[in-house]
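Notes to accompany the following structure.
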Amino acid sequence: MSDPTDWEIPGHVTLARGEGGLPKAVVETAWSTAEIYLHGAHVTGFQKKSEPPLLFVSAASEFAPGKPIRGGVPVIFPWFGAREGSPAHGSARITAWELKETALLPNGAVELRFSLPGAEGCHVELLVTVAESLTMELAITNTSHRNFTFETCLHTYFQISRIDAISITGLEGTNYQDKVAGTTETETAAAIRIAGEVDRVYFDTTATTEIEDPGYGRMIRIAKSGSNSTVVWNPWIEKSKRMPDFGDDEYPQMVCVESGNVGKNQTTLPPGGHAVMKVEISSGPLPS
Ligand code: TA6
């Protein structure tokens, strides 16, 4: 593998040692800053110059080989959730990815392309574009001679002012699995409010969602393509206490709105098949 510093772009991309001594790319654009660890190709930071950070990372997160980073945008592949005898949410997020390319585009955006080494029977890349918004494209190619079925999710942790201040729009009328209640429901709220543990997998939805945050006076927009599932999660009090890499008092500052293809929306690619899931996260002032 070439030396990662080969991919530095003066004034825009620097390779540094981050938490736990793990290598990370630090990105600077005219609008924003970002950081992406090679561990998991994990975006741990994105901040527009005029706003609070857009992504939440737990102060108790581990940064170690074989361990997931708690926060930012975990890349979930090839399965979502728990699996007996295997790492929850798959192995991609706990594997060191390779930085394959960086580019400063004519419009001032910075692109970084990461590749997952050792993926059996498939080729997996993540293209991260840092600009006024943050765009991530997870591309999977089936390089085997048989069908390949997998789940994907960009498990994004958003930084918010307070969990009881925000609302989430875009999912009204969508069926979801309520993993807290163990039921299947249909979303009736045009604007979802959160007042307790929430763990919902919304199926068959390609909708753009928005997080309205009056506390920050901010609207966060999550636009996606190639994704038919959206997950909404906040651990609240009791689950927070059960997570050693998450502070007991951190749940009010974060919410996960995740874009993926999970459960009944899993993907099956034929030999040679290719799938791209793209998520663009943008933000701006709340309409007055
Ligand atoms: O996406 C929500 C969820 O599946 C929750 O059930 C919770 O387990 C969360 O992911 C975090 O999972 P992790 O393995 O990162 O602790």
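Residues in the structure tokens are numbered from 1 in each chain, the chains being A, B, ... in the order shown, and ligands are numbered from 1 in the order shown.
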Q.
Using only C-alpha atoms and all ligand atoms, which residues of the polymer chains come no farther than 9 Å from ligand 1? I'd like the answer as a PyMOL selection string.
A. chain A and resi 68-71+74+80-82+87-90+153+155-156+179-180+198-201+231-235+239+243+245+256-258
Q.
I need the strand (DSSP E) residues of region 50-106 of chain A per DSSP on the backbone, written as a VMD selection string.
A. chain A and resid 75 to 76 98 to 104
Q. Hey, can you check how far CA of Pro65 (chain A) sits from CA of Trp97 (chain A)?
A. 11.3 Å
Q: Enter the distance from CA of Gly66 (chain A) to CA of Tyr37 (chain A), in Å, rounded to one decimal.
A: 13.5 Å
With region 9-16 of chain A as the partner and 9 Å as the cut-off, tabulate the residues of region 83-194 of chain A that qualify, each row holding the nearest pair of atoms and their distance in Å to one decimal, using only C-alpha atoms, sorted by chain and rising number, as CSV.
```
residue,atom,partner,partner_atom,distance
A:Thr102,CA,A:Ile9,CA,7.8
A:Ala103,CA,A:Ile9,CA,7.8
A:Leu104,CA,A:Ile9,CA,7.6
A:Val110,CA,A:His12,CA,7.4
```
(Q) Need the shell around Pro270 (chain A): protein/DNA/RNA residues with any atom at most 7 Å away, counting only C-alpha atoms. Skip same-chain ones fewer than 4 positions apart. Format as a PyMOL selection string? (A) chain A and resi 142+146-148
May I have the selected residues written with N, CA and C atoms, as a compact mmCIF listing (two decimals), in the first residue's frame?
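Generated file (result.txt):
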```txt
# COMPACT_ATOMS: atom_id res chain seq x y z
N ASN A 142 -20.35 -7.13 -6.74
CA ASN A 142 -20.26 -8.58 -6.51
C ASN A 142 -19.21 -9.15 -7.46
N ARG A 146 -21.67 -16.04 -7.76
CA ARG A 146 -23.01 -16.39 -7.31
C ARG A 146 -23.65 -15.15 -6.70
N ASN A 147 -24.95 -15.21 -6.48
CA ASN A 147 -25.65 -14.06 -5.89
C ASN A 147 -25.05 -13.73 -4.52
N PHE A 148 -25.02 -12.44 -4.23
CA PHE A 148 -24.47 -11.96 -2.94
C PHE A 148 -25.53 -11.10 -2.27
```
Pull the closest atom pair for each residue of region 144-167 of chain A that gets at most 6 Å from region 207-226 of chain A, along with the distance in Å to one decimal, counting only C-alpha atoms, ordering rows by chain and then ascending residue number, as a tab-separated table.
```
residue	atom	partner	partner_atom	distance
A:Ser161	CA	A:Gly215	CA	5.1
A:Ile166	CA	A:Asp213	CA	4.7
A:Ser167	CA	A:Glu212	CA	5.3
```
Q: Please return as number ranges by chain: the residues of region 42-282 of chain A that backbone DSSP assigns to helix (DSSP H, G or I).
A: A: 92-94, 236-242, 251-253, 263-265
Kindly export the residues of the current selection with N, CA and C atoms, as an mmCIF file, in the first residue's frame.
```
data_model
loop_
_atom_site.group_PDB
_atom_site.id
_atom_site.type_symbol
_atom_site.label_atom_id
_atom_site.label_comp_id
_atom_site.auth_asym_id
_atom_site.auth_seq_id
_atom_site.Cartn_x
_atom_site.Cartn_y
_atom_site.Cartn_z
ATOM 1 N N ALA A 92 -17.104 -4.301 8.647
ATOM 2 C CA ALA A 92 -16.515 -3.164 7.903
ATOM 3 C C ALA A 92 -16.125 -2.020 8.829
ATOM 4 N N ARG A 93 -16.934 -1.754 9.853
ATOM 5 C CA ARG A 93 -16.683 -0.586 10.697
ATOM 6 C C ARG A 93 -15.531 -0.783 11.675
ATOM 7 N N ILE A 94 -15.063 -2.056 11.800
ATOM 8 C CA ILE A 94 -13.942 -2.319 12.722
ATOM 9 C C ILE A 94 -12.688 -2.764 11.968
ATOM 10 N N TRP A 236 -31.660 6.690 25.018
ATOM 11 C CA TRP A 236 -32.221 7.247 26.255
ATOM 12 C C TRP A 236 -31.406 6.797 27.481
ATOM 13 N N ILE A 237 -32.039 6.740 28.640
ATOM 14 C CA ILE A 237 -31.274 6.633 29.879
ATOM 15 C C ILE A 237 -30.738 5.219 30.149
ATOM 16 N N GLU A 238 -31.615 4.247 30.188
ATOM 17 C CA GLU A 238 -31.192 2.904 30.635
ATOM 18 C C GLU A 238 -30.213 2.264 29.647
ATOM 19 N N LYS A 239 -30.490 2.373 28.355
ATOM 20 C CA LYS A 239 -29.568 1.762 27.378
ATOM 21 C C LYS A 239 -28.224 2.499 27.391
ATOM 22 N N SER A 240 -28.276 3.815 27.595
ATOM 23 C CA SER A 240 -27.009 4.566 27.664
ATOM 24 C C SER A 240 -26.123 4.004 28.768
ATOM 25 N N LYS A 241 -26.755 3.673 29.908
ATOM 26 C CA LYS A 241 -25.977 3.150 31.048
ATOM 27 C C LYS A 241 -25.360 1.787 30.725
ATOM 28 N N ARG A 242 -25.970 1.085 29.756
ATOM 29 C CA ARG A 242 -25.452 -0.259 29.422
ATOM 30 C C ARG A 242 -24.373 -0.224 28.350
ATOM 31 N N TYR A 251 -27.040 11.054 25.884
ATOM 32 C CA TYR A 251 -28.172 10.786 24.961
ATOM 33 C C TYR A 251 -28.947 12.046 24.558
ATOM 34 N N PRO A 252 -29.008 13.111 25.436
ATOM 35 C CA PRO A 252 -29.777 14.289 24.984
ATOM 36 C C PRO A 252 -29.127 15.054 23.827
ATOM 37 N N GLN A 253 -27.821 14.771 23.575
ATOM 38 C CA GLN A 253 -27.097 15.577 22.568
ATOM 39 C C GLN A 253 -27.042 14.911 21.210
ATOM 40 N N GLY A 263 -32.846 -5.616 6.750
ATOM 41 C CA GLY A 263 -34.002 -6.505 6.876
ATOM 42 C C GLY A 263 -34.599 -6.834 5.516
ATOM 43 N N LYS A 264 -35.903 -6.607 5.424
ATOM 44 C CA LYS A 264 -36.604 -6.943 4.158
ATOM 45 C C LYS A 264 -36.088 -6.115 2.976
ATOM 46 N N ASN A 265 -35.413 -5.027 3.253
ATOM 47 C CA ASN A 265 -34.823 -4.179 2.198
ATOM 48 C C ASN A 265 -33.368 -4.559 1.875
#
```
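If you measure from each of A:Glu111, A:Glu120, A:Glu250, A:Glu185 to Ala34 (chain A) using only C-alpha atoms, the closest one turns out to be A:Glu111.
The list of residues with at least one atom within 7 Å of region 42-48 of chain A, based on only C-alpha atoms and without residues fewer than 5 positions apart in the same chain, reads Trp31, Ser32, Thr33, Ala34, Glu35, Ile36, Tyr37, Pro53, Leu54, Leu55, Val57, Gly71, Gly72, Val73, Pro74, Val75 and Glu132 of chain A.
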Q: Within 9 Å of Glu19 (chain A), counting only C-alpha atoms, which residues show up once you throw out same-chain ones fewer than 4 positions away? Write them as a PyMOL selection string, please.
A: chain A and resi 23-24+62-64
Next, write the just-selected residues to a file, as an mmCIF file, in the first residue's frame, keeping N, CA, C and O atoms as the atom set.
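Heads up, here's the output in selection.cif:
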```cif
data_model
loop_
_atom_site.group_PDB
_atom_site.id
_atom_site.type_symbol
_atom_site.label_atom_id
_atom_site.label_comp_id
_atom_site.auth_asym_id
_atom_site.auth_seq_id
_atom_site.Cartn_x
_atom_site.Cartn_y
_atom_site.Cartn_z
ATOM 1 N N PRO A 23 -4.681 6.427 12.204
ATOM 2 C CA PRO A 23 -4.527 7.436 11.147
ATOM 3 C C PRO A 23 -5.865 8.004 10.719
ATOM 4 O O PRO A 23 -6.867 7.285 10.614
ATOM 5 N N LYS A 24 -5.862 9.316 10.450
ATOM 6 C CA LYS A 24 -7.092 9.966 9.975
ATOM 7 C C LYS A 24 -6.726 11.011 8.941
ATOM 8 O O LYS A 24 -5.611 11.556 8.941
ATOM 9 N N GLU A 62 -14.262 4.292 22.108
ATOM 10 C CA GLU A 62 -12.940 3.681 21.912
ATOM 11 C C GLU A 62 -12.434 4.027 20.522
ATOM 12 O O GLU A 62 -13.245 4.286 19.614
ATOM 13 N N PHE A 63 -11.132 4.072 20.388
ATOM 14 C CA PHE A 63 -10.469 4.224 19.087
ATOM 15 C C PHE A 63 -9.376 3.163 19.054
ATOM 16 O O PHE A 63 -8.236 3.413 19.462
ATOM 17 N N ALA A 64 -9.770 1.962 18.626
ATOM 18 C CA ALA A 64 -8.819 0.844 18.697
ATOM 19 C C ALA A 64 -9.158 -0.175 17.618
ATOM 20 O O ALA A 64 -10.345 -0.364 17.283
#
```
